[in-house]
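Trainee: Let me give you the structure first, and then I'll get to my questions.
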Amino acid sequence: GAGIWFTEIFLFFGFGWALTRWSGRAPGPYLGLAWPGAGPLLVALGVAVANYFAAVIPLQFLAQLVAPRSWVEMFDQTQVFEKRAGLELALAMTGAVAAAPIGEEVIFRGLLLQGLLRRGVMVVPAVVASAAIFSLCHVNIVGLPALFELGLVFGLLYARTRSVVPGMVAHLGSNLTATLLYTAGRGQEPAPVDMAAQIPAILVASAAGWVVLGLVVAAARRMP
């Protein structure tokens with residue numbers, strides 16, 4: 001748990017801040033740490049939660065459906081929380097929910113994506129490239145499709161606002177949703193895996209997520 005906080009805040013955020021400072025630039029403006037207003041942050045949070053059900057859960061389900069069972073178990077990210085309690089569990093969960101969005105958005109959007117856009121790379125290729133590197137750096141073969149999709153979402157939020165703060169909020173919302181879903185099922189007796197039986201629930205959750213996501217994006221288009 002402490003390692004997550006150290007990695008995200010000291011290594012990622014701290015490295016990004018120091019590298020920018022050493023280059024002679026002001027880290028806050030250069031990294032896109034400007035406050036975009038409450039509206040974009042609410043939109044980002046809504047996009048994150050809706051997108052998690054609309055796209056992330058189905059992508060994770062499909063990846064687990066086609067991947068070998070040994071891979072699914074090896075790359076199960078919930079192992080970060082397993083067999084932990086008390087302060088250690090609290091640090092792990094808050095690190096995943098709060099620290100990861102800060103450190104990773106500074107590195108992958110504030111430095112990488114912003115650098116590509118400043119050098120004239122078109123928005124779509126720049127967002128795709130940053131999302132690809134973001135997903136690969138997680139070293140999670142089974143989670144790669146969902147991580148890539150999340151990277152696209154966070155990148156588009158940056159491209160729209162030129163601030164990493166909405167991406168941080170969306171990142172937090174996605175990780176918080178995942179953590180809450182994990183917490184809700186924690187401690188229950190593991191049931192036999194029947195992927196086919198889960199398909200109707202996955203489809204319903206995804207459909208509801210797409211409806212909400214469409215409404216949130218429609219509202220966002222009315223904002224400057």
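Ordering of the structure tokens sets the chain letters (A, B, ...), residue numbers begin anew at 1 in every chain, and ligands are numbered from 1 in the order given.
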According to DSSP computed on the backbone, where in segment 83-196 of chain A is there alpha helix (DSSP H)? Give the residues as a compact mmCIF listing (two decimals) with N, CA and C atoms, in the first residue's frame.

Mentor:
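See selection-v2.txt below for the written result:
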```txt
# COMPACT_ATOMS: atom_id res chain seq x y z
N GLY A 86 -6.77 -3.55 7.62
CA GLY A 86 -6.34 -2.41 8.41
C GLY A 86 -5.65 -1.34 7.59
N LEU A 87 -4.55 -0.82 8.11
CA LEU A 87 -3.83 0.28 7.47
C LEU A 87 -3.30 -0.11 6.11
N GLU A 88 -2.80 -1.34 6.00
CA GLU A 88 -2.24 -1.78 4.72
C GLU A 88 -3.30 -1.79 3.62
N LEU A 89 -4.49 -2.28 3.95
CA LEU A 89 -5.58 -2.30 2.97
C LEU A 89 -6.03 -0.87 2.65
N ALA A 90 -6.11 -0.02 3.67
CA ALA A 90 -6.51 1.37 3.45
C ALA A 90 -5.53 2.09 2.54
N LEU A 91 -4.23 1.87 2.75
CA LEU A 91 -3.21 2.50 1.90
C LEU A 91 -3.30 1.98 0.47
N ALA A 92 -3.53 0.69 0.30
CA ALA A 92 -3.62 0.11 -1.04
C ALA A 92 -4.83 0.66 -1.79
N MET A 93 -5.97 0.73 -1.11
CA MET A 93 -7.19 1.21 -1.77
C MET A 93 -7.12 2.69 -2.08
N THR A 94 -6.70 3.49 -1.10
CA THR A 94 -6.60 4.92 -1.35
C THR A 94 -5.50 5.23 -2.35
N ALA A 100 -2.96 7.05 -7.77
CA ALA A 100 -2.73 6.65 -9.15
C ALA A 100 -3.23 7.70 -10.15
N PRO A 101 -4.44 8.26 -9.98
CA PRO A 101 -4.87 9.28 -10.93
C PRO A 101 -3.95 10.50 -10.98
N ILE A 102 -3.39 10.89 -9.86
CA ILE A 102 -2.52 12.07 -9.83
C ILE A 102 -1.22 11.79 -10.58
N GLY A 103 -0.53 10.73 -10.18
CA GLY A 103 0.77 10.44 -10.78
C GLY A 103 0.68 10.05 -12.25
N GLU A 104 -0.27 9.19 -12.60
CA GLU A 104 -0.33 8.69 -13.96
C GLU A 104 -0.83 9.73 -14.95
N GLU A 105 -1.75 10.58 -14.53
CA GLU A 105 -2.23 11.62 -15.44
C GLU A 105 -1.15 12.65 -15.73
N GLN A 114 0.56 15.87 -23.90
CA GLN A 114 0.73 17.31 -24.09
C GLN A 114 1.94 17.59 -24.96
N GLY A 115 3.02 16.83 -24.78
CA GLY A 115 4.22 17.01 -25.59
C GLY A 115 3.96 16.69 -27.05
N LEU A 116 3.22 15.61 -27.31
CA LEU A 116 2.88 15.26 -28.69
C LEU A 116 2.05 16.34 -29.36
N LEU A 117 1.05 16.84 -28.64
CA LEU A 117 0.18 17.87 -29.21
C LEU A 117 0.94 19.17 -29.47
N ARG A 118 1.84 19.53 -28.57
CA ARG A 118 2.63 20.75 -28.77
C ARG A 118 3.54 20.65 -29.98
N VAL A 123 -4.66 15.30 -32.98
CA VAL A 123 -5.26 14.87 -31.72
C VAL A 123 -5.45 13.35 -31.66
N VAL A 124 -6.06 12.78 -32.69
CA VAL A 124 -6.39 11.35 -32.64
C VAL A 124 -5.13 10.48 -32.55
N PRO A 125 -4.12 10.66 -33.42
CA PRO A 125 -2.91 9.84 -33.27
C PRO A 125 -2.21 10.06 -31.93
N ALA A 126 -2.22 11.30 -31.44
CA ALA A 126 -1.56 11.58 -30.16
C ALA A 126 -2.27 10.88 -29.01
N VAL A 127 -3.59 10.93 -29.02
CA VAL A 127 -4.37 10.28 -27.96
C VAL A 127 -4.19 8.77 -28.03
N VAL A 128 -4.20 8.21 -29.24
CA VAL A 128 -4.02 6.76 -29.40
C VAL A 128 -2.64 6.34 -28.92
N ALA A 129 -1.61 7.11 -29.28
CA ALA A 129 -0.25 6.76 -28.86
C ALA A 129 -0.10 6.81 -27.34
N SER A 130 -0.62 7.86 -26.72
CA SER A 130 -0.51 7.98 -25.26
C SER A 130 -1.31 6.89 -24.57
N ALA A 131 -2.47 6.52 -25.13
CA ALA A 131 -3.29 5.45 -24.55
C ALA A 131 -2.58 4.11 -24.66
N ALA A 132 -1.89 3.88 -25.80
CA ALA A 132 -1.17 2.63 -25.98
C ALA A 132 -0.03 2.49 -24.97
N ILE A 133 0.73 3.57 -24.79
CA ILE A 133 1.84 3.52 -23.84
C ILE A 133 1.30 3.39 -22.41
N PHE A 134 0.22 4.11 -22.10
CA PHE A 134 -0.42 4.02 -20.78
C PHE A 134 -0.83 2.58 -20.47
N SER A 135 -1.46 1.91 -21.43
CA SER A 135 -1.94 0.54 -21.19
C SER A 135 -0.78 -0.44 -21.10
N LEU A 136 0.23 -0.28 -21.95
CA LEU A 136 1.37 -1.20 -21.93
C LEU A 136 2.17 -1.08 -20.63
N LEU A 144 -5.33 -5.32 -20.86
CA LEU A 144 -4.84 -4.39 -21.87
C LEU A 144 -5.96 -3.70 -22.66
N PRO A 145 -6.98 -4.41 -23.17
CA PRO A 145 -8.03 -3.72 -23.94
C PRO A 145 -8.76 -2.67 -23.10
N ALA A 146 -9.12 -3.00 -21.87
CA ALA A 146 -9.83 -2.04 -21.03
C ALA A 146 -8.94 -0.86 -20.66
N LEU A 147 -7.68 -1.12 -20.38
CA LEU A 147 -6.75 -0.04 -20.04
C LEU A 147 -6.53 0.88 -21.23
N PHE A 148 -6.45 0.32 -22.43
CA PHE A 148 -6.29 1.14 -23.62
C PHE A 148 -7.52 2.03 -23.82
N GLU A 149 -8.70 1.47 -23.63
CA GLU A 149 -9.92 2.26 -23.77
C GLU A 149 -9.97 3.38 -22.75
N LEU A 150 -9.57 3.09 -21.52
CA LEU A 150 -9.52 4.13 -20.49
C LEU A 150 -8.51 5.22 -20.88
N GLY A 151 -7.38 4.81 -21.43
CA GLY A 151 -6.39 5.78 -21.88
C GLY A 151 -6.95 6.70 -22.95
N LEU A 152 -7.79 6.16 -23.84
CA LEU A 152 -8.45 6.99 -24.85
C LEU A 152 -9.37 8.02 -24.19
N VAL A 153 -10.14 7.58 -23.21
CA VAL A 153 -11.07 8.48 -22.53
C VAL A 153 -10.33 9.61 -21.82
N PHE A 154 -9.30 9.24 -21.05
CA PHE A 154 -8.54 10.25 -20.32
C PHE A 154 -7.83 11.20 -21.28
N GLY A 155 -7.34 10.66 -22.39
CA GLY A 155 -6.65 11.49 -23.38
C GLY A 155 -7.60 12.47 -24.06
N LEU A 156 -8.79 12.02 -24.39
CA LEU A 156 -9.78 12.90 -25.02
C LEU A 156 -10.21 14.01 -24.06
N LEU A 157 -10.31 13.69 -22.78
CA LEU A 157 -10.64 14.72 -21.80
C LEU A 157 -9.55 15.79 -21.75
N TYR A 158 -8.29 15.36 -21.83
CA TYR A 158 -7.21 16.34 -21.85
C TYR A 158 -7.26 17.18 -23.13
N ALA A 159 -7.46 16.50 -24.27
CA ALA A 159 -7.50 17.21 -25.54
C ALA A 159 -8.64 18.23 -25.57
N ARG A 160 -9.73 17.90 -24.89
CA ARG A 160 -10.89 18.80 -24.88
C ARG A 160 -10.66 20.00 -23.97
N THR A 161 -9.99 19.80 -22.85
CA THR A 161 -9.87 20.86 -21.84
C THR A 161 -8.47 21.44 -21.70
N VAL A 165 -6.61 17.91 -14.92
CA VAL A 165 -7.48 17.75 -13.76
C VAL A 165 -8.74 16.94 -14.10
N PRO A 166 -9.45 17.20 -15.22
CA PRO A 166 -10.58 16.34 -15.55
C PRO A 166 -10.17 14.87 -15.72
N GLY A 167 -9.00 14.63 -16.31
CA GLY A 167 -8.52 13.25 -16.44
C GLY A 167 -8.27 12.63 -15.08
N MET A 168 -7.72 13.42 -14.15
CA MET A 168 -7.52 12.91 -12.79
C MET A 168 -8.84 12.53 -12.15
N VAL A 169 -9.85 13.37 -12.34
CA VAL A 169 -11.17 13.09 -11.75
C VAL A 169 -11.79 11.85 -12.40
N ALA A 170 -11.67 11.74 -13.73
CA ALA A 170 -12.20 10.57 -14.42
C ALA A 170 -11.45 9.31 -14.01
N HIS A 171 -10.15 9.42 -13.91
CA HIS A 171 -9.32 8.29 -13.47
C HIS A 171 -9.73 7.86 -12.07
N LEU A 172 -9.91 8.85 -11.20
CA LEU A 172 -10.37 8.56 -9.83
C LEU A 172 -11.74 7.87 -9.85
N GLY A 173 -12.65 8.40 -10.69
CA GLY A 173 -13.99 7.81 -10.76
C GLY A 173 -13.97 6.38 -11.24
N SER A 174 -13.12 6.08 -12.23
CA SER A 174 -13.01 4.70 -12.73
C SER A 174 -12.45 3.77 -11.67
N ASN A 175 -11.36 4.20 -11.04
CA ASN A 175 -10.73 3.35 -10.03
C ASN A 175 -11.62 3.20 -8.80
N LEU A 176 -12.35 4.26 -8.45
CA LEU A 176 -13.26 4.18 -7.31
C LEU A 176 -14.41 3.21 -7.61
N THR A 177 -14.94 3.26 -8.82
CA THR A 177 -16.01 2.34 -9.21
C THR A 177 -15.52 0.89 -9.12
N ALA A 178 -14.33 0.65 -9.64
CA ALA A 178 -13.77 -0.70 -9.58
C ALA A 178 -13.55 -1.16 -8.14
N THR A 179 -13.06 -0.25 -7.31
CA THR A 179 -12.78 -0.60 -5.91
C THR A 179 -14.07 -0.88 -5.15
N LEU A 180 -15.11 -0.07 -5.40
CA LEU A 180 -16.39 -0.28 -4.72
C LEU A 180 -17.02 -1.60 -5.15
N LEU A 181 -16.93 -1.93 -6.43
CA LEU A 181 -17.47 -3.21 -6.90
C LEU A 181 -16.71 -4.38 -6.27
N TYR A 182 -15.39 -4.22 -6.16
CA TYR A 182 -14.60 -5.26 -5.50
C TYR A 182 -14.97 -5.39 -4.03
N THR A 183 -15.11 -4.25 -3.35
CA THR A 183 -15.43 -4.26 -1.92
C THR A 183 -16.79 -4.89 -1.67
N ALA A 184 -17.74 -4.65 -2.58
CA ALA A 184 -19.09 -5.20 -2.41
C ALA A 184 -19.07 -6.73 -2.43
N GLY A 185 -18.15 -7.32 -3.20
CA GLY A 185 -18.09 -8.78 -3.27
C GLY A 185 -17.03 -9.39 -2.40
N MET A 195 -19.07 -18.25 -17.06
CA MET A 195 -19.02 -17.02 -17.84
C MET A 195 -20.31 -16.81 -18.63
N ALA A 196 -20.87 -17.86 -19.18
CA ALA A 196 -22.08 -17.72 -20.00
C ALA A 196 -23.24 -17.15 -19.20
```

Trainee: Report as a PDB file with C-alpha atoms, in the first residue's frame all protein, DNA and RNA residues lying within 12 Å of Gly214 of chain A, evaluated on only C-alpha atoms, omitting residues in the same chain fewer than 3 positions from it.

Mentor:
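Written out: out.pdb:
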```
ATOM      1  CA  VAL A  43     -18.739  15.769 -16.705  1.00  0.00           C
ATOM      2  CA  GLY A  46     -20.027  11.165 -15.056  1.00  0.00           C
ATOM      3  CA  VAL A  47     -18.091   9.967 -18.114  1.00  0.00           C
ATOM      4  CA  ALA A  50     -20.827   5.527 -17.133  1.00  0.00           C
ATOM      5  CA  ASN A  51     -17.886   4.432 -19.275  1.00  0.00           C
ATOM      6  CA  ALA A  54     -20.520   0.771 -20.817  1.00  0.00           C
ATOM      7  CA  ALA A 207     -26.532  -0.819 -22.260  1.00  0.00           C
ATOM      8  CA  ALA A 208     -27.374   1.300 -19.215  1.00  0.00           C
ATOM      9  CA  GLY A 209     -23.847   2.665 -19.193  1.00  0.00           C
ATOM     10  CA  TRP A 210     -24.022   3.680 -22.866  1.00  0.00           C
ATOM     11  CA  VAL A 211     -27.323   5.479 -22.308  1.00  0.00           C
ATOM     12  CA  VAL A 217     -21.521  13.633 -23.578  1.00  0.00           C
ATOM     13  CA  ALA A 218     -24.561  15.481 -24.968  1.00  0.00           C
ATOM     14  CA  ALA A 219     -24.484  17.769 -21.922  1.00  0.00           C
ATOM     15  CA  ALA A 220     -20.727  18.279 -22.333  1.00  0.00           C
ATOM     16  CA  ARG A 221     -21.126  19.458 -25.923  1.00  0.00           C
TER      17      ARG A 221
END
```

Trainee: Rank nothing, just name the residue among A:Pro68, A:Pro40, A:Gly16, A:Gly95 nearest to Phe81 of chain A, using only C-alpha atoms.

Mentor: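 Of A:Pro68, A:Pro40, A:Gly16, A:Gly95, the one nearest Phe81 of chain A is A:Gly95, counting only C-alpha atoms.
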
Trainee: I want to know what sits within 12 Å of Ser206 of chain A, based on only C-alpha atoms, with residues of the same chain fewer than 5 positions away left out; could you give that as a list in words?

Mentor: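 With the cut-off at 12 Å, the set is Val49, Ala50, Asn51, Tyr52, Phe53, Ala54, Ala55, Val56, Ile57, Pro58, Leu59, Gln60, Phe61, Ile199, Pro200, Ala201, Val211, Val212 and Leu213 of chain A.
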
Trainee: Find, counting only C-alpha atoms, the residue in A:Leu65, A:Ile4, A:Ala98, A:Ile141 that gets nearest to Asp194 of chain A.

Mentor: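 The shortest atom-to-atom distance to Asp194 of chain A comes from A:Leu65.
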
Trainee: Which residues, written as a PyMOL selection string, have at least one atom at most 12 Å from Met74 of chain A, with only C-alpha atoms counted and residues fewer than 3 positions away on the same chain left out?

Mentor: chain A and resi 64+67-71+77-80+139-143

Trainee: Ranking A:Gly1, A:Ala63, A:Val97, A:Arg119 by minimum distance to Glu82 of chain A and counting only C-alpha atoms, which one comes first?

Mentor: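 Closest to Glu82 of chain A of all the choices is A:Gly1.
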
Trainee: Between atom CA of Leu215 of chain A and atom CA of Val164 of chain A, what is the distance in Å, rounded to a tenth?

Mentor: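 Straight-line distance from atom CA of Leu215 of chain A to atom CA of Val164 of chain A works out to 22.7 Å.
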
Trainee: Between atom CA of Val72 of chain A and atom CA of His138 of chain A, what distance in Å does the model show, to one decimal?

Mentor: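 Taking atom CA of Val72 of chain A and atom CA of His138 of chain A, their separation equals 14.8 Å.
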